[in-house]
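As stored in query.txt (compact mmCIF, C-alpha atoms and all ligand atoms):
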# COMPACT_ATOMS: atom_id res chain seq x y z
CA MET A 158 40.44 8.97 -34.02
CA PRO A 159 40.21 5.53 -32.40
CA ASP A 160 41.49 2.75 -34.62
CA ARG A 161 38.02 1.44 -35.35
CA ALA A 162 36.65 3.43 -38.28
CA VAL A 163 33.25 4.87 -37.46
CA ASP A 164 31.27 5.55 -40.60
CA ARG A 165 28.04 4.36 -42.15
CA HIS A 166 29.86 2.11 -44.55
CA SER A 167 31.44 0.09 -41.75
CA ALA A 168 28.07 -0.09 -39.97
CA GLU A 169 26.58 -1.61 -43.12
CA GLN A 170 29.42 -4.11 -43.22
CA LEU A 171 28.75 -5.07 -39.60
CA ASP A 172 25.13 -5.74 -40.55
CA ARG A 173 26.17 -7.94 -43.44
CA ASP A 174 28.43 -9.94 -41.12
CA ASP A 175 25.85 -10.19 -38.33
CA PRO A 176 24.91 -13.87 -37.72
CA ILE A 177 21.65 -12.93 -35.96
CA ALA A 178 20.59 -10.15 -38.36
CA GLN A 179 17.50 -12.09 -39.47
CA VAL A 180 16.02 -12.11 -35.94
CA ARG A 181 14.89 -8.53 -36.62
CA GLU A 182 12.31 -9.88 -39.05
CA ARG A 183 10.51 -11.46 -36.11
CA PHE A 184 9.64 -8.02 -34.71
CA ALA A 185 7.03 -5.48 -35.75
CA LEU A 186 8.80 -2.14 -35.67
CA PRO A 187 7.23 1.20 -36.54
CA ASP A 188 8.47 3.03 -39.62
CA LYS A 189 10.83 5.97 -39.22
CA VAL A 190 11.63 5.10 -35.62
CA ILE A 191 14.95 4.00 -34.19
CA TYR A 192 14.05 2.40 -30.92
CA LEU A 193 16.69 2.72 -28.23
CA ASP A 194 14.45 2.02 -25.26
CA GLY A 195 14.22 -1.76 -25.40
CA ASN A 196 15.79 -1.76 -21.94
CA SER A 197 12.53 -0.26 -20.61
CA LEU A 198 9.89 -1.81 -22.89
CA GLY A 199 10.98 -4.32 -25.49
CA ALA A 200 9.55 -4.20 -29.03
CA LEU A 201 6.61 -6.31 -30.21
CA PRO A 202 7.39 -9.74 -31.69
CA THR A 203 5.23 -10.27 -34.78
CA ALA A 204 3.82 -13.56 -33.46
CA VAL A 205 2.30 -11.99 -30.35
CA PRO A 206 -0.88 -10.34 -31.71
CA ALA A 207 -2.19 -13.64 -33.09
CA ALA A 208 -1.27 -15.44 -29.88
CA VAL A 209 -3.17 -12.88 -27.83
CA ALA A 210 -6.13 -13.00 -30.20
CA ASP A 211 -6.20 -16.79 -29.82
CA ALA A 212 -5.97 -16.49 -26.05
CA VAL A 213 -8.94 -14.12 -26.00
CA THR A 214 -11.27 -15.49 -28.64
CA ARG A 215 -10.66 -19.23 -28.59
CA GLN A 216 -9.18 -20.03 -25.18
CA TRP A 217 -11.27 -17.58 -23.18
CA GLY A 218 -14.22 -17.02 -25.51
CA THR A 219 -14.87 -20.61 -26.54
CA ASP A 220 -13.02 -23.01 -24.31
CA LEU A 221 -13.74 -21.00 -21.15
CA ILE A 222 -12.84 -22.77 -17.91
CA ARG A 223 -11.79 -25.92 -19.74
CA SER A 224 -8.70 -23.97 -20.80
CA TRP A 225 -7.06 -24.60 -17.42
CA ASN A 226 -6.53 -28.16 -18.59
CA ASP A 227 -7.13 -28.20 -22.33
CA ASN A 228 -5.01 -25.17 -23.13
CA GLY A 229 -2.44 -25.75 -20.41
CA TRP A 230 -3.22 -22.67 -18.35
CA TRP A 231 -2.43 -24.44 -15.07
CA THR A 232 1.08 -25.43 -16.11
CA LEU A 233 1.84 -22.23 -18.00
CA PRO A 234 3.73 -20.37 -15.21
CA GLY A 235 6.23 -23.20 -14.80
CA ARG A 236 6.62 -23.75 -18.53
CA VAL A 237 7.25 -20.06 -19.17
CA GLY A 238 9.56 -20.08 -16.17
CA ASP A 239 11.64 -22.84 -17.74
CA ARG A 240 11.84 -20.92 -21.02
CA ILE A 241 13.12 -17.86 -19.17
CA GLY A 242 15.47 -20.15 -17.26
CA ALA A 243 17.00 -21.27 -20.55
CA VAL A 244 17.92 -17.64 -21.27
CA VAL A 245 19.44 -16.95 -17.83
CA GLY A 246 21.29 -20.21 -17.26
CA ALA A 247 18.83 -22.06 -15.05
CA ALA A 248 18.09 -25.75 -15.64
CA PRO A 249 14.38 -26.66 -15.76
CA GLY A 250 12.32 -26.71 -12.57
CA GLN A 251 13.89 -23.68 -10.89
CA VAL A 252 12.11 -20.64 -12.37
CA MET A 253 8.47 -19.66 -11.81
CA CYS A 254 6.79 -16.93 -13.83
CA GLY A 255 4.23 -14.55 -12.37
CA ASP A 256 3.39 -11.28 -10.67
CA SER A 257 5.78 -8.31 -10.77
CA THR A 258 9.47 -7.99 -10.05
CA SER A 259 8.58 -6.02 -6.92
CA VAL A 260 6.43 -8.88 -5.63
CA GLN A 261 9.05 -11.49 -6.53
CA LEU A 262 11.74 -9.49 -4.75
CA PHE A 263 9.62 -9.53 -1.63
CA GLN A 264 9.16 -13.29 -1.97
CA ALA A 265 12.86 -13.93 -2.53
CA LEU A 266 14.14 -11.61 0.21
CA VAL A 267 11.89 -13.03 2.89
CA ALA A 268 12.56 -16.61 1.80
CA LEU A 269 16.34 -16.08 1.91
CA ALA A 270 16.14 -14.29 5.26
CA ARG A 271 14.28 -17.31 6.64
CA LEU A 272 17.01 -19.60 5.24
CA ASN A 273 19.73 -17.69 7.09
CA PRO A 274 17.95 -16.71 10.32
CA GLN A 275 20.92 -16.27 12.65
CA ARG A 276 22.18 -13.33 10.62
CA ARG A 277 20.45 -9.97 10.84
CA THR A 278 21.71 -7.78 7.99
CA ILE A 279 20.56 -7.33 4.40
CA VAL A 280 22.98 -5.60 2.05
CA THR A 281 21.74 -3.93 -1.12
CA ASP A 282 22.95 -1.48 -3.75
CA GLY A 283 22.41 2.08 -2.53
CA SER A 284 22.08 3.31 -6.10
CA GLY A 285 20.09 0.33 -7.28
CA PHE A 286 16.67 0.52 -8.86
CA PRO A 287 14.26 2.22 -6.41
CA THR A 288 11.80 -0.67 -6.06
CA ASP A 289 14.65 -2.97 -5.04
CA GLN A 290 15.64 -0.62 -2.25
CA TYR A 291 12.07 0.09 -1.15
CA ILE A 292 11.15 -3.59 -0.91
CA ALA A 293 14.37 -4.30 0.99
CA GLU A 294 13.51 -1.49 3.42
CA SER A 295 10.10 -3.00 4.06
CA VAL A 296 11.42 -6.54 4.48
CA ALA A 297 14.06 -5.29 6.91
CA ARG A 298 11.40 -3.48 8.91
CA MET A 299 9.04 -6.43 8.86
CA LEU A 300 11.65 -8.97 9.97
CA ASP A 301 13.52 -6.56 12.23
CA LEU A 302 16.71 -6.75 10.17
CA ARG A 303 19.30 -4.09 9.45
CA LEU A 304 19.61 -2.74 5.89
CA LEU A 305 23.01 -1.61 4.62
CA ARG A 306 23.47 0.12 1.26
CA ILE A 307 26.68 -0.07 -0.70
CA ARG A 308 27.95 -0.06 -4.28
CA PRO A 309 28.26 -3.63 -5.56
CA ASP A 310 32.01 -3.28 -6.14
CA ALA A 311 32.46 -2.35 -2.47
CA VAL A 312 30.40 -5.20 -1.04
CA ASP A 313 33.53 -6.82 0.40
CA THR A 314 33.95 -3.87 2.77
CA VAL A 315 30.69 -4.62 4.58
CA LEU A 316 30.41 -8.41 4.38
CA GLY A 317 30.60 -9.95 7.81
CA GLU A 318 29.31 -12.55 10.20
CA ASP A 319 25.98 -10.77 10.44
CA THR A 320 25.33 -10.56 6.68
CA ALA A 321 22.32 -12.71 5.82
CA ILE A 322 21.63 -11.64 2.22
CA VAL A 323 23.27 -9.52 -0.43
CA ALA A 324 20.67 -8.42 -2.98
CA LEU A 325 22.02 -6.71 -6.10
CA GLY A 326 20.94 -5.76 -9.58
CA ALA A 327 23.12 -7.35 -12.25
CA VAL A 328 23.36 -4.09 -14.21
CA ASP A 329 23.32 -0.53 -12.89
CA TYR A 330 20.18 0.88 -14.53
CA ARG A 331 21.64 4.37 -14.74
CA THR A 332 25.19 3.76 -15.94
CA GLY A 333 24.76 0.41 -17.65
CA GLU A 334 27.61 -1.10 -15.65
CA LEU A 335 27.48 -4.91 -15.57
CA TRP A 336 28.69 -6.16 -12.21
CA ASP A 337 30.90 -9.19 -11.76
CA ALA A 338 28.15 -11.53 -10.61
CA PRO A 339 30.31 -14.69 -10.48
CA GLY A 340 33.04 -12.98 -8.43
CA LEU A 341 30.60 -11.19 -6.16
CA THR A 342 28.59 -14.35 -5.55
CA ARG A 343 31.80 -16.11 -4.52
CA GLN A 344 32.67 -13.32 -2.06
CA ILE A 345 29.13 -13.35 -0.66
CA HIS A 346 29.25 -17.12 -0.16
CA ASP A 347 32.72 -16.96 1.40
CA ALA A 348 31.21 -14.67 4.02
CA GLY A 349 28.42 -17.16 4.70
CA ALA A 350 25.74 -14.95 3.17
CA LEU A 351 23.19 -15.66 0.44
CA ALA A 352 23.23 -13.96 -2.97
CA LEU A 353 20.07 -12.61 -4.60
CA TRP A 354 20.38 -11.22 -8.14
CA ASP A 355 17.89 -8.97 -9.92
CA LEU A 356 18.27 -9.59 -13.65
CA ALA A 357 15.58 -7.13 -14.79
CA HIS A 358 18.08 -5.12 -16.77
CA SER A 359 20.19 -7.97 -18.10
CA ALA A 360 17.98 -10.99 -18.88
CA GLY A 361 17.91 -11.41 -22.65
CA VAL A 362 20.94 -9.26 -23.42
CA ALA A 363 23.85 -9.95 -21.08
CA PRO A 364 25.06 -13.46 -20.37
CA PHE A 365 24.07 -14.91 -17.07
CA ASP A 366 24.48 -18.41 -15.74
CA LEU A 367 22.48 -18.59 -12.53
CA ASP A 368 23.22 -22.27 -11.91
CA ALA A 369 26.92 -21.95 -12.62
CA ILE A 370 27.49 -18.97 -10.35
CA GLY A 371 25.47 -20.58 -7.57
CA ALA A 372 22.96 -17.77 -7.07
CA ASP A 373 20.72 -18.45 -4.09
CA ALA A 374 17.77 -16.70 -5.69
CA ALA A 375 17.10 -14.36 -8.59
CA VAL A 376 14.25 -12.31 -9.94
CA GLY A 377 13.64 -10.35 -13.10
CA CYS A 378 11.03 -8.76 -15.27
CA SER A 379 10.15 -9.84 -18.77
CA TYR A 380 9.01 -6.63 -20.47
CA LYS A 381 12.54 -5.28 -21.10
CA TYR A 382 14.98 -7.33 -23.19
CA LEU A 383 12.65 -10.36 -23.06
CA ASN A 384 10.01 -8.39 -25.02
CA GLY A 385 7.03 -9.80 -23.12
CA GLY A 386 4.93 -6.64 -23.47
CA PRO A 387 3.73 -3.92 -21.12
CA GLY A 388 3.14 -5.32 -17.64
CA ALA A 389 4.40 -8.77 -18.63
CA PRO A 390 4.74 -11.06 -15.62
CA ALA A 391 8.04 -11.31 -13.78
CA TRP A 392 9.86 -14.42 -12.58
CA ILE A 393 11.68 -15.90 -9.60
CA TYR A 394 14.56 -18.39 -9.58
CA LEU A 395 15.04 -20.70 -6.64
CA PRO A 396 17.72 -23.35 -7.16
CA HIS A 397 16.86 -26.98 -6.47
CA ARG A 398 19.09 -27.04 -3.37
CA HIS A 399 16.95 -24.42 -1.58
CA GLN A 400 13.51 -25.47 -2.71
CA ALA A 401 12.66 -27.95 0.05
CA ASP A 402 13.52 -25.41 2.75
CA ALA A 403 12.29 -22.26 1.03
CA ASP A 404 9.54 -20.72 3.15
CA LEU A 405 8.03 -18.16 0.79
CA PRO A 406 5.89 -15.53 2.48
CA LEU A 407 3.08 -15.22 -0.09
CA THR A 408 1.33 -18.52 0.50
CA GLY A 409 -1.33 -18.36 -2.18
CA TRP A 410 -3.44 -21.36 -3.01
CA HIS A 411 -1.61 -22.10 -6.27
CA ALA A 412 1.50 -22.83 -4.17
CA HIS A 413 -0.31 -25.48 -2.11
CA ARG A 414 0.75 -29.09 -2.40
CA THR A 415 -2.83 -30.11 -3.25
CA PRO A 416 -4.56 -26.91 -4.35
CA PHE A 417 -7.79 -28.59 -5.36
CA ASP A 418 -8.29 -30.26 -1.99
CA LEU A 419 -9.06 -26.73 -0.77
CA ASP A 420 -7.54 -27.42 2.65
CA ASP A 421 -7.97 -24.89 5.43
CA SER A 422 -4.26 -24.59 6.06
CA PHE A 423 -1.20 -24.30 3.88
CA THR A 424 1.24 -27.02 2.93
CA PRO A 425 3.74 -25.92 0.30
CA ALA A 426 4.05 -27.75 -2.99
CA GLU A 427 7.22 -29.65 -3.79
CA GLY A 428 9.81 -28.02 -5.96
CA ILE A 429 9.44 -24.72 -7.76
CA GLU A 430 5.64 -25.02 -7.68
CA ARG A 431 5.79 -23.51 -4.20
CA ALA A 432 6.90 -20.26 -5.81
CA ARG A 433 3.49 -19.81 -7.41
CA ILE A 434 1.13 -17.42 -5.65
CA GLY A 435 -2.43 -17.04 -6.94
CA THR A 436 -4.17 -16.98 -10.30
CA PRO A 437 -1.70 -15.64 -12.86
CA ASN A 438 -2.28 -12.86 -15.41
CA LEU A 439 -2.94 -15.36 -18.16
CA LEU A 440 -3.37 -12.96 -21.07
CA SER A 441 -0.02 -11.33 -20.32
CA MET A 442 1.64 -14.65 -19.70
CA LEU A 443 0.37 -16.09 -22.98
CA ALA A 444 1.74 -13.01 -24.76
CA LEU A 445 5.09 -13.54 -23.05
CA ASP A 446 5.08 -17.24 -23.94
CA SER A 447 4.72 -16.31 -27.59
CA ALA A 448 7.32 -13.53 -27.35
CA LEU A 449 9.88 -15.99 -25.98
CA ASP A 450 9.78 -17.99 -29.24
CA VAL A 451 12.32 -15.46 -30.51
CA PHE A 452 14.88 -16.89 -28.07
CA ASP A 453 14.45 -20.51 -29.21
CA ASP A 454 17.73 -21.72 -30.70
CA LEU A 455 19.21 -18.23 -30.44
CA PRO A 456 22.79 -18.50 -29.17
CA MET A 457 23.13 -16.03 -26.29
CA ALA A 458 26.83 -15.73 -27.13
CA ASP A 459 25.86 -14.21 -30.50
CA VAL A 460 23.42 -11.87 -28.77
CA ARG A 461 26.12 -10.75 -26.36
CA ALA A 462 28.71 -10.32 -29.13
CA LYS A 463 26.34 -8.14 -31.15
CA SER A 464 25.36 -6.14 -28.08
CA LEU A 465 29.00 -5.43 -27.27
CA ALA A 466 29.79 -4.51 -30.88
CA MET A 467 26.89 -2.04 -30.84
CA THR A 468 27.85 -0.39 -27.58
CA GLN A 469 31.47 -0.26 -28.79
CA LEU A 470 30.32 1.51 -31.95
CA VAL A 471 28.55 4.08 -29.76
CA ILE A 472 31.58 4.66 -27.56
CA ASP A 473 33.93 4.98 -30.55
CA TYR A 474 31.56 7.39 -32.28
CA VAL A 475 31.17 9.58 -29.21
CA ASP A 476 34.94 9.63 -28.63
CA ALA A 477 35.56 10.66 -32.22
CA ASN A 478 32.73 13.14 -32.74
CA LEU A 479 31.21 14.42 -29.52
CA PRO A 480 33.87 15.99 -27.30
CA ASP A 481 31.29 17.56 -24.96
CA VAL A 482 29.64 14.25 -24.17
CA GLU A 483 30.97 11.99 -21.43
CA VAL A 484 30.61 8.22 -21.77
CA VAL A 485 29.47 7.13 -18.31
CA THR A 486 29.22 3.42 -19.12
CA PRO A 487 32.42 1.43 -18.50
CA ARG A 488 34.63 1.02 -21.54
CA GLU A 489 35.77 -2.50 -20.66
CA PRO A 490 33.45 -4.87 -22.52
CA ALA A 491 33.17 -7.25 -19.57
CA ARG A 492 31.69 -4.41 -17.51
CA ARG A 493 29.05 -3.29 -20.02
CA GLY A 494 25.40 -4.34 -20.05
CA GLY A 495 23.15 -3.55 -23.01
CA GLN A 496 23.00 0.22 -22.75
CA VAL A 497 25.24 3.25 -23.02
CA SER A 498 24.68 6.25 -20.78
CA LEU A 499 25.99 9.62 -21.91
CA ARG A 500 26.37 12.66 -19.72
CA HIS A 501 25.50 16.14 -20.99
CA PRO A 502 24.06 19.11 -19.05
CA ALA A 503 21.18 19.37 -21.56
CA ALA A 504 20.44 15.62 -21.41
CA TYR A 505 16.70 16.05 -20.88
CA ALA A 506 16.18 18.36 -23.87
CA ILE A 507 18.53 16.29 -26.03
CA VAL A 508 16.39 13.20 -25.42
CA GLN A 509 13.24 15.16 -26.30
CA ALA A 510 14.84 16.54 -29.49
CA LEU A 511 15.91 13.03 -30.49
CA ILE A 512 12.42 11.64 -29.88
CA ALA A 513 11.03 14.39 -32.16
CA ARG A 514 13.32 12.95 -34.87
CA GLY A 515 12.15 9.40 -34.27
CA VAL A 516 15.12 8.32 -32.14
CA ILE A 517 13.57 7.04 -28.92
CA GLY A 518 15.88 6.83 -25.92
CA ASP A 519 15.36 8.01 -22.38
CA PHE A 520 16.59 10.40 -19.76
CA ARG A 521 17.71 9.72 -16.21
CA ALA A 522 18.05 12.66 -13.84
CA PRO A 523 19.95 14.77 -13.58
CA ASP A 524 22.05 14.64 -16.75
CA LEU A 525 22.06 11.23 -18.43
CA VAL A 526 20.99 10.32 -21.95
CA ARG A 527 20.31 6.61 -21.63
CA LEU A 528 20.35 4.60 -24.85
CA GLY A 529 19.45 0.91 -24.85
CA PHE A 530 20.67 -1.29 -27.69
CA ALA A 531 18.51 -4.35 -28.14
CA PRO A 532 20.58 -6.60 -30.40
CA LEU A 533 17.63 -8.74 -31.49
CA TYR A 534 15.97 -6.02 -33.55
CA LEU A 535 18.46 -3.19 -34.05
CA ARG A 536 20.80 -2.93 -37.00
CA PHE A 537 24.23 -1.36 -36.81
CA VAL A 538 23.06 1.26 -39.33
CA ASP A 539 20.24 2.17 -36.94
CA VAL A 540 22.82 2.74 -34.24
CA TYR A 541 24.91 4.82 -36.62
CA ASP A 542 21.94 6.91 -37.81
CA ALA A 543 20.84 7.52 -34.22
CA LEU A 544 24.33 8.79 -33.40
CA GLU A 545 24.28 11.09 -36.42
CA GLY A 546 20.99 12.44 -35.09
CA LEU A 547 22.57 12.98 -31.70
CA ARG A 548 25.54 14.76 -33.24
CA ASP A 549 23.22 17.03 -35.21
CA VAL A 550 21.04 17.85 -32.18
CA ILE A 551 24.15 18.86 -30.26
CA ALA A 552 25.91 20.68 -33.13
CA THR A 553 22.85 22.77 -34.01
CA ARG A 554 21.78 23.18 -30.36
CA ALA A 555 18.35 21.95 -31.42
CA TYR A 556 17.86 21.08 -27.77
CA ASP A 557 17.55 24.79 -26.91
CA ASP A 558 14.05 24.81 -28.42
CA PRO A 559 11.61 25.47 -25.53
CA ALA A 560 9.46 22.62 -26.83
CA PHE A 561 12.23 20.28 -25.70
CA THR A 562 13.21 21.86 -22.41
CA ARG A 563 9.71 21.83 -20.90
CA ARG A 564 9.33 18.86 -18.57
CA ASN A 565 6.54 16.33 -18.88
CA THR A 566 5.49 14.25 -15.90
CA VAL A 567 6.15 10.97 -17.69
CA THR A 568 9.33 10.90 -19.73
C1 LIG A 601 12.72 -2.62 -14.36
C2 LIG A 601 13.19 -3.03 -13.01
C3 LIG A 601 12.28 -3.38 -12.00
C4 LIG A 601 10.80 -3.30 -12.26
O1 LIG A 601 10.02 -3.68 -11.20
P1 LIG A 601 8.43 -3.78 -11.43
O2 LIG A 601 7.90 -4.42 -10.22
O3 LIG A 601 8.21 -4.55 -12.70
O4 LIG A 601 7.91 -2.39 -11.63
C5 LIG A 601 12.78 -3.78 -10.78
N1 LIG A 601 14.12 -3.83 -10.55
C6 LIG A 601 15.02 -3.50 -11.49
C7 LIG A 601 16.48 -3.58 -11.20
C8 LIG A 601 14.59 -3.08 -12.75
O5 LIG A 601 15.48 -2.75 -13.69
Translate this file's structure into structure tokens.
Ligand SMILES: *Cc1c(COP(=O)(O)O)cnc(C)c1O
Amino acid sequence: MPDRAVDRHSAEQLDRDDPIAQVRERFALPDKVIYLDGNSLGALPTAVPAAVADAVTRQWGTDLIRSWNDNGWWTLPGRVGDRIGAVVGAAPGQVMCGDSTSVQLFQALVALARLNPQRRTIVTDGSGFPTDQYIAESVARMLDLRLLRIRPDAVDTVLGEDTAIVALGAVDYRTGELWDAPGLTRQIHDAGALALWDLAHSAGVAPFDLDAIGADAAVGCSYKYLNGGPGAPAWIYLPHRHQADADLPLTGWHAHRTPFDLDDSFTPAEGIERARIGTPNLLSMLALDSALDVFDDLPMADVRAKSLAMTQLVIDYVDANLPDVEVVTPREPARRGGQVSLRHPAAYAIVQALIARGVIGDFRAPDLVRLGFAPLYLRFVDVYDALEGLRDVIATRAYDDPAFTRRNTVT
């Protein structure tokens, strides 16, 4: 047995000692469900339904087009951007909210390539999230650049005089490994390249200080640990020092210096406003704006401490009780994001059997049970009860039931 006792009693004690335990009350969670998929779609903050109803009935239904001014629709993307910036270590005026992570990656990659035009190579993580690799492939093709794929911890082996950009996810979405963004950014800069970080899997759970590490650009989504809701708009970070020279490829009219002059040709706005594109998804953005209230005055250090305590509980429990399960996520706290990935040959059916018991996690091919631990709305006893469910599913081989081994198209 590891020295940390793993039992329900100690989980209850951890809940009593949890300084952010009350944040859970700000979420609407279904009964009899333990939700371990907040790394894919965050839970619903209780304030959001009323905010969306207000957006639809009053702002749209009554105020109509006046809402662009009277209800602040025009300035919303920048204001929401600043609120996200506060969570990811960006001072105001450097984050713009809108569109999807895929679109923002395209924007950021092309803009950085244009900032470093003498160099002809983009480096990205060869096991990174698919959209990140696909967009990088297209940008490389479009700008006639070379694309190299490498694990983030081996980036130093390929950095060279031709490296223009290194674009990496902050957390490996399969294993949950948190990369050393400050150290990697330093190496990238030492080689004369620019560093682009994708924080989709870490914003809102793992600490990140974009300004302090000197990231050249960053992107992220807001429907995972930021709880913005399905399809919530993404965001892009461009630090002040690059804004005047940033030549973003999607030159929509909202990014124009004087959008209402309706000029026939494009002049970019000053500052982060040039990272706007066209008319934003206002209903989604208003939902996100409300969802972000949860982060007001919430110390990210407490969030991180609780997240690490939860993932440690999982690792200790698995070590003590589940000899056939391999912990894939790094054991060193500094290298863990907000999830724990467990390897088992029957991973798919195990996930289905757990879902049937109200424990919602997900599966990543070929053999990973991926469990996300959102510290804002999970209790330590939830984590413990989910693990007891996992132990029971494995001990009784409940996963052998054909109902759980049959594959659905959407998992
Ligand atoms: C979730 C995620 C995305 C999502 O991209 P969308 O355009 O919102 O579908 C992109 N990159 C990473 C690393 C992610 O984790």
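With all atoms listed in the file as the atoms that count, the residue of A:Gln344, A:Gln261, A:Thr314, A:Ser498 with the shortest distance to ligand LIG 601 (chain A) is A:Gln261.
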- Message: I'd like the neighbourhood of Leu198 in chain A as number ranges by chain, where a residue qualifies if any of its atoms comes within 10 Å (using only C-alpha atoms), though same-chain residues fewer than 6 positions away should be ignored.
- Response: A: 192, 379-389
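Excluding range 280-283 of chain A itself and same-chain residues fewer than 2 positions from it, the residues having an atom within 8 Å of it are Thr278, Gly285, Gln290, Ala293, Leu304, Leu305, Arg306, Ile307, Arg308, Pro309, Thr320, Ile322, Val323, Ala324, Leu325 and Gly326 of chain A, counting only C-alpha atoms.
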- Note on the structure: Using all atoms listed in the file, the shortest atom-to-atom distance to Val550 in chain A among A:Ala513, A:Asp289, A:Ile191, A:Leu405 belongs to A:Ala513
- What separation in Å, quoted to one decimal, exists between CA of Pro234 in chain A and CA of Asp256 in chain A? 10.2 Å
